[in-house]
Amino acid sequence: MFSSKANAIFQDVINTYHIINAVDQPFVNKYDEKNHLLEHLLYRKCWIDTVQWHYEDIIRDPNIDPLAALKLKRQIDASNQDRTDMVEYIDSYFLEEYSDVTPKANATINTESPAWGVDRLSILALKVYHMEEEATRKDASESHRMACQKKLDILLEQRVDLSTAIDTLLNDIKNGDKYMKVYKQMKMYNDDELNPVLRGTK
């Protein structure tokens with residue numbers, strides 16, 4: 001099933017990142033784009049999410065230098081753009097994968113595309129990893145660990161449900177019961193012509 005592959009890749013990415021555990025470490029994709037395109041895209045997607053997760057931790061430091069915070073905010077903005085671009089690449093992969101499928105007359109479109117489900121699955125993998133850290137942290141109180149374990153149990157259940165939903169959606173698209181489209185996000189705040197601040201007007 002697709003979700004099993006995706007979850008395994010996400011876990012590998014997160015484990016690999018935490019060997020060095022630094023946002024500025026070099027990125028090396030373990031999958032060749034030409035021969036393993038889907039795996040390549042999933043690996044890259046989760047790496048972006050993992051780095052951004054730690055950007056978000058760093059910027060919440062109450063003692064962060066304002067100039068460093070501003071630089072980091074720019075990095076988060078760029079990361080968000082990369083994240084949405086990767087979602088579109090993954091959806092484009094699925095669109096091509098099922099391009100020969102003719103939707104049935106009563107086929108319906110889903111509330112979110114397959115890749116936006118994948119986006120949520122990648123973030124969920126990070127939540128599971130870090131909640132498990134908290135649930136087993138030796139220097140934390142027992143009450144803290146127990147509370148985090150309860151949250152971890154819920155996250156693991158969510159992962160099963162979300163994985164099942166994604167696999168079901170892809171199967172429905174394959175069978176013509178659902179159809180999909182790739183919508184460009186059309187973000188406005190990074191565009192010189194659409195953001196009034198960037199184009200010099202108020």
# chains A, B, ... in the order shown; residues from 1 in each chain; ligands from 1

call {"tool": "select_by_dssp", "arguments": {"residues": "segment 8-165 of chain A", "states": "helix (DSSP H, G or I)", "output": "tab-separated table (two decimals) with N, CA and C atoms, in the first residue's frame"}}
result
chain	number	residue	atom	x	y	z
A	8	ALA	N	7.19	4.68	5.96
A	8	ALA	CA	8.55	4.16	6.15
A	8	ALA	C	9.58	5.20	5.71
A	9	ILE	N	9.33	5.87	4.60
A	9	ILE	CA	10.25	6.91	4.12
A	9	ILE	C	10.28	8.07	5.10
A	10	PHE	N	9.13	8.48	5.58
A	10	PHE	CA	9.09	9.60	6.52
A	10	PHE	C	9.87	9.27	7.79
A	11	GLN	N	9.71	8.06	8.29
A	11	GLN	CA	10.44	7.66	9.49
A	11	GLN	C	11.95	7.67	9.24
A	12	ASP	N	12.35	7.22	8.06
A	12	ASP	CA	13.77	7.22	7.69
A	12	ASP	C	14.31	8.64	7.63
A	13	VAL	N	13.55	9.54	7.03
A	13	VAL	CA	13.97	10.95	6.94
A	13	VAL	C	14.17	11.54	8.33
A	14	ILE	N	13.20	11.34	9.20
A	14	ILE	CA	13.24	11.94	10.54
A	14	ILE	C	14.41	11.37	11.34
A	15	ASN	N	14.61	10.07	11.25
A	15	ASN	CA	15.74	9.45	11.95
A	15	ASN	C	17.07	9.97	11.41
A	16	THR	N	17.15	10.09	10.09
A	16	THR	CA	18.39	10.57	9.47
A	16	THR	C	18.68	12.01	9.89
A	17	TYR	N	17.65	12.86	9.87
A	17	TYR	CA	17.84	14.25	10.28
A	17	TYR	C	18.39	14.34	11.70
A	18	HIS	N	17.87	13.53	12.60
A	18	HIS	CA	18.23	13.65	14.01
A	18	HIS	C	19.59	13.04	14.36
A	19	ILE	N	20.26	12.43	13.38
A	19	ILE	CA	21.64	11.98	13.62
A	19	ILE	C	22.52	13.20	13.88
A	20	ILE	N	22.37	14.23	13.05
A	20	ILE	CA	23.11	15.49	13.22
A	20	ILE	C	22.25	16.48	13.99
A	37	LEU	N	11.06	8.18	-8.70
A	37	LEU	CA	10.55	9.55	-8.59
A	37	LEU	C	9.65	9.74	-7.37
A	38	LEU	N	8.69	8.84	-7.15
A	38	LEU	CA	7.77	9.01	-6.03
A	38	LEU	C	8.52	9.01	-4.71
A	39	GLU	N	9.43	8.05	-4.54
A	39	GLU	CA	10.21	7.98	-3.30
A	39	GLU	C	11.07	9.22	-3.13
A	40	HIS	N	11.63	9.71	-4.23
A	40	HIS	CA	12.43	10.94	-4.23
A	40	HIS	C	11.61	12.13	-3.73
A	41	LEU	N	10.39	12.25	-4.24
A	41	LEU	CA	9.52	13.35	-3.85
A	41	LEU	C	9.10	13.25	-2.38
A	42	LEU	N	8.77	12.05	-1.94
A	42	LEU	CA	8.35	11.86	-0.55
A	42	LEU	C	9.50	12.15	0.41
A	43	TYR	N	10.69	11.72	0.06
A	43	TYR	CA	11.86	11.96	0.92
A	43	TYR	C	12.13	13.45	1.04
A	44	ARG	N	12.10	14.15	-0.09
A	44	ARG	CA	12.33	15.58	-0.09
A	44	ARG	C	11.25	16.32	0.69
A	45	LYS	N	10.00	15.90	0.50
A	45	LYS	CA	8.88	16.54	1.19
A	45	LYS	C	9.05	16.46	2.69
A	46	CYS	N	9.35	15.29	3.20
A	46	CYS	CA	9.46	15.14	4.65
A	46	CYS	C	10.70	15.85	5.19
A	47	TRP	N	11.76	15.93	4.40
A	47	TRP	CA	12.94	16.67	4.86
A	47	TRP	C	12.61	18.15	5.04
A	48	ILE	N	11.90	18.71	4.09
A	48	ILE	CA	11.47	20.11	4.21
A	48	ILE	C	10.64	20.29	5.48
A	49	ASP	N	9.70	19.39	5.71
A	49	ASP	CA	8.83	19.48	6.89
A	49	ASP	C	9.64	19.36	8.18
A	50	THR	N	10.63	18.48	8.17
A	50	THR	CA	11.43	18.25	9.37
A	50	THR	C	12.28	19.47	9.71
A	51	VAL	N	12.92	20.05	8.72
A	51	VAL	CA	13.71	21.26	8.96
A	51	VAL	C	12.79	22.38	9.44
A	52	GLN	N	11.64	22.53	8.81
A	52	GLN	CA	10.74	23.60	9.21
A	52	GLN	C	10.21	23.39	10.63
A	53	TRP	N	9.97	22.15	11.00
A	53	TRP	CA	9.55	21.85	12.38
A	53	TRP	C	10.54	22.46	13.37
A	54	HIS	N	11.83	22.30	13.07
A	54	HIS	CA	12.86	22.80	13.99
A	54	HIS	C	13.07	24.30	13.84
A	55	TYR	N	12.84	24.85	12.65
A	55	TYR	CA	12.80	26.31	12.52
A	55	TYR	C	11.76	26.89	13.48
A	56	GLU	N	10.59	26.26	13.50
A	56	GLU	CA	9.49	26.77	14.33
A	56	GLU	C	9.84	26.68	15.82
A	57	ASP	N	10.60	25.67	16.22
A	57	ASP	CA	11.07	25.58	17.60
A	57	ASP	C	12.02	26.74	17.92
A	58	ILE	N	12.97	26.95	17.02
A	58	ILE	CA	14.01	27.95	17.27
A	58	ILE	C	13.42	29.36	17.37
A	59	ILE	N	12.49	29.67	16.48
A	59	ILE	CA	11.99	31.05	16.44
A	59	ILE	C	11.15	31.38	17.67
A	66	PRO	N	16.61	39.70	17.61
A	66	PRO	CA	15.61	40.14	16.63
A	66	PRO	C	16.05	39.98	15.18
A	67	LEU	N	17.32	40.26	14.91
A	67	LEU	CA	17.81	40.12	13.54
A	67	LEU	C	17.84	38.65	13.13
A	68	ALA	N	18.22	37.79	14.07
A	68	ALA	CA	18.22	36.35	13.79
A	68	ALA	C	16.80	35.85	13.57
A	69	ALA	N	15.87	36.40	14.34
A	69	ALA	CA	14.47	36.01	14.18
A	69	ALA	C	13.93	36.43	12.82
A	70	LEU	N	14.31	37.62	12.37
A	70	LEU	CA	13.87	38.10	11.06
A	70	LEU	C	14.43	37.20	9.95
A	71	LYS	N	15.70	36.86	10.06
A	71	LYS	CA	16.31	35.96	9.08
A	71	LYS	C	15.60	34.62	9.07
A	72	LEU	N	15.29	34.12	10.26
A	72	LEU	CA	14.63	32.83	10.37
A	72	LEU	C	13.22	32.88	9.80
A	73	LYS	N	12.54	34.02	10.00
A	73	LYS	CA	11.20	34.17	9.43
A	73	LYS	C	11.26	34.08	7.91
A	74	ARG	N	12.27	34.66	7.31
A	74	ARG	CA	12.45	34.56	5.86
A	74	ARG	C	12.69	33.11	5.45
A	75	GLN	N	13.46	32.39	6.26
A	75	GLN	CA	13.72	30.99	5.95
A	75	GLN	C	12.44	30.15	6.06
A	76	ILE	N	11.61	30.47	7.04
A	76	ILE	CA	10.33	29.77	7.20
A	76	ILE	C	9.43	30.06	6.02
A	77	ASP	N	9.39	31.31	5.56
A	77	ASP	CA	8.60	31.67	4.38
A	77	ASP	C	9.05	30.87	3.16
A	78	ALA	N	10.36	30.79	2.97
A	78	ALA	CA	10.90	30.05	1.83
A	78	ALA	C	10.57	28.56	1.96
A	79	SER	N	10.66	28.06	3.18
A	79	SER	CA	10.36	26.65	3.43
A	79	SER	C	8.90	26.35	3.15
A	80	ASN	N	8.01	27.26	3.54
A	80	ASN	CA	6.58	27.09	3.26
A	80	ASN	C	6.32	27.03	1.76
A	81	GLN	N	7.03	27.86	1.01
A	81	GLN	CA	6.88	27.83	-0.44
A	81	GLN	C	7.37	26.50	-1.01
A	82	ASP	N	8.52	26.02	-0.52
A	82	ASP	CA	9.04	24.72	-0.95
A	82	ASP	C	8.05	23.61	-0.62
A	83	ARG	N	7.45	23.71	0.56
A	83	ARG	CA	6.50	22.69	1.00
A	83	ARG	C	5.30	22.61	0.05
A	84	THR	N	4.71	23.74	-0.27
A	84	THR	CA	3.56	23.72	-1.17
A	84	THR	C	3.95	23.32	-2.58
A	85	ASP	N	5.14	23.70	-3.01
A	85	ASP	CA	5.63	23.26	-4.32
A	85	ASP	C	5.74	21.74	-4.37
A	86	MET	N	6.24	21.14	-3.30
A	86	MET	CA	6.39	19.68	-3.26
A	86	MET	C	5.03	19.00	-3.28
A	87	VAL	N	4.05	19.58	-2.61
A	87	VAL	CA	2.69	19.02	-2.67
A	87	VAL	C	2.20	18.99	-4.11
A	88	GLU	N	2.44	20.07	-4.85
A	88	GLU	CA	2.01	20.12	-6.24
A	88	GLU	C	2.77	19.12	-7.09
A	89	TYR	N	4.05	18.92	-6.82
A	89	TYR	CA	4.83	17.92	-7.56
A	89	TYR	C	4.28	16.52	-7.31
A	90	ILE	N	3.95	16.23	-6.06
A	90	ILE	CA	3.43	14.89	-5.72
A	90	ILE	C	2.06	14.69	-6.35
A	91	ASP	N	1.21	15.71	-6.30
A	91	ASP	CA	-0.09	15.59	-6.96
A	91	ASP	C	0.07	15.42	-8.46
A	92	SER	N	1.04	16.11	-9.05
A	92	SER	CA	1.29	15.95	-10.49
A	92	SER	C	1.72	14.52	-10.81
A	93	TYR	N	2.48	13.93	-9.90
A	93	TYR	CA	2.88	12.53	-10.07
A	93	TYR	C	1.64	11.64	-10.12
A	94	PHE	N	0.74	11.82	-9.16
A	94	PHE	CA	-0.47	10.99	-9.13
A	94	PHE	C	-1.36	11.26	-10.35
A	95	LEU	N	-1.44	12.51	-10.77
A	95	LEU	CA	-2.25	12.84	-11.93
A	95	LEU	C	-1.73	12.11	-13.17
A	96	GLU	N	-0.43	12.06	-13.31
A	96	GLU	CA	0.17	11.33	-14.42
A	96	GLU	C	-0.02	9.82	-14.25
A	97	GLU	N	0.12	9.34	-13.03
A	97	GLU	CA	-0.01	7.91	-12.75
A	97	GLU	C	-1.39	7.39	-13.16
A	114	PRO	N	-4.72	13.96	-3.06
A	114	PRO	CA	-3.88	12.97	-2.39
A	114	PRO	C	-2.65	13.57	-1.72
A	115	ALA	N	-1.99	14.51	-2.39
A	115	ALA	CA	-0.74	15.05	-1.85
A	115	ALA	C	-0.96	15.90	-0.60
A	116	TRP	N	-2.12	16.53	-0.48
A	116	TRP	CA	-2.37	17.27	0.76
A	116	TRP	C	-2.62	16.30	1.91
A	117	GLY	N	-3.14	15.12	1.60
A	117	GLY	CA	-3.20	14.08	2.62
A	117	GLY	C	-1.80	13.61	3.00
A	118	VAL	N	-0.94	13.50	2.00
A	118	VAL	CA	0.46	13.13	2.24
A	118	VAL	C	1.16	14.19	3.10
A	119	ASP	N	0.86	15.45	2.84
A	119	ASP	CA	1.41	16.54	3.64
A	119	ASP	C	1.05	16.35	5.11
A	120	ARG	N	-0.20	16.05	5.38
A	120	ARG	CA	-0.64	15.83	6.76
A	120	ARG	C	0.03	14.59	7.36
A	121	LEU	N	0.25	13.56	6.53
A	121	LEU	CA	0.88	12.34	7.02
A	121	LEU	C	2.34	12.59	7.40
A	122	SER	N	3.01	13.42	6.63
A	122	SER	CA	4.40	13.77	6.93
A	122	SER	C	4.50	14.54	8.25
A	123	ILE	N	3.62	15.52	8.43
A	123	ILE	CA	3.61	16.28	9.68
A	123	ILE	C	3.25	15.37	10.85
A	124	LEU	N	2.34	14.44	10.63
A	124	LEU	CA	1.95	13.52	11.68
A	124	LEU	C	3.12	12.64	12.10
A	125	ALA	N	3.95	12.25	11.15
A	125	ALA	CA	5.14	11.46	11.48
A	125	ALA	C	6.06	12.23	12.42
A	126	LEU	N	6.18	13.54	12.20
A	126	LEU	CA	6.99	14.38	13.08
A	126	LEU	C	6.37	14.50	14.47
A	127	LYS	N	5.05	14.62	14.52
A	127	LYS	CA	4.37	14.69	15.81
A	127	LYS	C	4.58	13.41	16.60
A	128	VAL	N	4.47	12.27	15.92
A	128	VAL	CA	4.67	10.98	16.58
A	128	VAL	C	6.09	10.87	17.12
A	129	TYR	N	7.07	11.24	16.31
A	129	TYR	CA	8.47	11.14	16.72
A	129	TYR	C	8.74	11.97	17.97
A	130	HIS	N	8.29	13.22	17.94
A	130	HIS	CA	8.61	14.12	19.05
A	130	HIS	C	7.74	13.86	20.28
A	131	MET	N	6.53	13.38	20.08
A	131	MET	CA	5.71	13.03	21.25
A	131	MET	C	6.26	11.78	21.92
A	132	GLU	N	6.78	10.85	21.13
A	132	GLU	CA	7.41	9.66	21.71
A	132	GLU	C	8.65	10.04	22.51
A	133	GLU	N	9.40	11.02	22.00
A	133	GLU	CA	10.54	11.53	22.76
A	133	GLU	C	10.10	12.03	24.13
A	134	GLU	N	9.01	12.80	24.15
A	134	GLU	CA	8.52	13.36	25.41
A	134	GLU	C	7.96	12.26	26.33
A	135	ALA	N	7.34	11.26	25.74
A	135	ALA	CA	6.74	10.18	26.54
A	135	ALA	C	7.79	9.29	27.18
A	142	GLU	N	6.86	11.81	35.86
A	142	GLU	CA	6.04	10.68	35.45
A	142	GLU	C	4.70	11.17	34.88
A	143	SER	N	4.14	12.21	35.48
A	143	SER	CA	2.87	12.73	35.00
A	143	SER	C	3.01	13.29	33.58
A	144	HIS	N	4.15	13.94	33.32
A	144	HIS	CA	4.42	14.46	31.98
A	144	HIS	C	4.50	13.32	30.98
A	145	ARG	N	5.23	12.28	31.34
A	145	ARG	CA	5.39	11.14	30.43
A	145	ARG	C	4.06	10.45	30.18
A	146	MET	N	3.26	10.31	31.21
A	146	MET	CA	1.96	9.66	31.06
A	146	MET	C	1.03	10.48	30.17
A	147	ALA	N	1.03	11.78	30.36
A	147	ALA	CA	0.19	12.65	29.53
A	147	ALA	C	0.62	12.59	28.07
A	148	CYS	N	1.92	12.57	27.85
A	148	CYS	CA	2.43	12.50	26.49
A	148	CYS	C	2.16	11.13	25.86
A	149	GLN	N	2.18	10.09	26.66
A	149	GLN	CA	1.87	8.76	26.14
A	149	GLN	C	0.42	8.70	25.66
A	150	LYS	N	-0.48	9.33	26.39
A	150	LYS	CA	-1.88	9.36	25.96
A	150	LYS	C	-2.02	10.11	24.64
A	151	LYS	N	-1.29	11.21	24.51
A	151	LYS	CA	-1.33	11.97	23.26
A	151	LYS	C	-0.72	11.14	22.12
A	152	LEU	N	0.36	10.42	22.45
A	152	LEU	CA	1.01	9.59	21.44
A	152	LEU	C	0.07	8.50	20.94
A	153	ASP	N	-0.68	7.90	21.84
A	153	ASP	CA	-1.65	6.87	21.44
A	153	ASP	C	-2.67	7.43	20.45
A	154	ILE	N	-3.10	8.66	20.69
A	154	ILE	CA	-4.07	9.29	19.79
A	154	ILE	C	-3.41	9.58	18.44
A	155	LEU	N	-2.18	10.07	18.45
A	155	LEU	CA	-1.47	10.35	17.20
A	155	LEU	C	-1.28	9.08	16.37
A	156	LEU	N	-0.96	7.98	17.03
A	156	LEU	CA	-0.78	6.72	16.33
A	156	LEU	C	-2.10	6.25	15.71
A	157	GLU	N	-3.19	6.47	16.42
A	157	GLU	CA	-4.50	6.13	15.87
A	157	GLU	C	-4.82	7.02	14.67
A	158	GLN	N	-4.49	8.29	14.80
A	158	GLN	CA	-4.70	9.21	13.68
A	158	GLN	C	-3.91	8.78	12.45
A	159	ARG	N	-2.69	8.29	12.67
A	159	ARG	CA	-1.87	7.87	11.54
A	159	ARG	C	-2.49	6.67	10.81
A	160	VAL	N	-3.04	5.74	11.58
A	160	VAL	CA	-3.73	4.60	10.97
A	160	VAL	C	-4.92	5.08	10.15
A	161	ASP	N	-5.71	5.97	10.73
A	161	ASP	CA	-6.91	6.47	10.04
A	161	ASP	C	-6.54	7.26	8.79
A	162	LEU	N	-5.55	8.15	8.90
A	162	LEU	CA	-5.15	8.96	7.76
A	162	LEU	C	-4.53	8.10	6.67
A	163	SER	N	-3.71	7.14	7.05
A	163	SER	CA	-3.11	6.23	6.08
A	163	SER	C	-4.18	5.47	5.31
A	164	THR	N	-5.17	4.98	6.04
A	164	THR	CA	-6.28	4.26	5.41
A	164	THR	C	-7.05	5.15	4.46
A	165	ALA	N	-7.29	6.39	4.87
A	165	ALA	CA	-8.04	7.33	4.03
A	165	ALA	C	-7.28	7.64	2.74

call {"tool": "select_by_dssp", "arguments": {"residues": "segment 13-201 of chain A", "states": "strand (DSSP E or B)", "output": "PDB file with N, CA and C atoms, in the first residue's frame"}}
result
ATOM      1  N   THR A 108     -16.777  11.528  -8.072  1.00  0.00           N
ATOM      2  CA  THR A 108     -16.757  12.782  -7.324  1.00  0.00           C
ATOM      3  C   THR A 108     -15.325  13.178  -7.002  1.00  0.00           C
ATOM      4  N   ILE A 109     -15.152  14.450  -6.686  1.00  0.00           N
ATOM      5  CA  ILE A 109     -13.832  14.942  -6.301  1.00  0.00           C
ATOM      6  C   ILE A 109     -13.742  14.972  -4.779  1.00  0.00           C
ATOM      7  N   LYS A 178     -13.381   8.300  -7.949  1.00  0.00           N
ATOM      8  CA  LYS A 178     -13.014   9.680  -7.615  1.00  0.00           C
ATOM      9  C   LYS A 178     -12.141  10.219  -8.744  1.00  0.00           C
ATOM     10  N   TYR A 179     -12.086  11.516  -8.873  1.00  0.00           N
ATOM     11  CA  TYR A 179     -11.136  12.135  -9.793  1.00  0.00           C
ATOM     12  C   TYR A 179     -10.418  13.252  -9.053  1.00  0.00           C
TER      13      TYR A 179
END

call {"tool": "atom_distance", "arguments": {"atom1": "atom CA of Val101 of chain A", "atom2": "atom CA of Leu169 of chain A"}}
result
14.0 Å

call {"tool": "closest_residue", "arguments": {"among": "A:Thr102, A:Asn35, A:Ser113, A:Asn195", "to": "Leu170 of chain A", "atoms": "only C-alpha atoms"}}
result
A:Ser113

call {"tool": "closest_residue", "arguments": {"among": "A:Pro62, A:Pro26, A:Pro196, A:Gly176", "to": "Ala105 of chain A", "atoms": "only C-alpha atoms"}}
result
A:Gly176

call {"tool": "atom_distance", "arguments": {"atom1": "atom CA of Ala22 of chain A", "atom2": "atom CA of Thr136 of chain A"}}
result
21.7 Å

call {"tool": "atom_distance", "arguments": {"atom1": "atom CA of Arg137 of chain A", "atom2": "atom CA of Asn7 of chain A"}}
result
23.6 Å

call {"tool": "closest_residue", "arguments": {"among": "A:Met1, A:Val23, A:Val28, A:Ala107", "to": "Asp172 of chain A", "atoms": "only C-alpha atoms"}}
result
A:Ala107
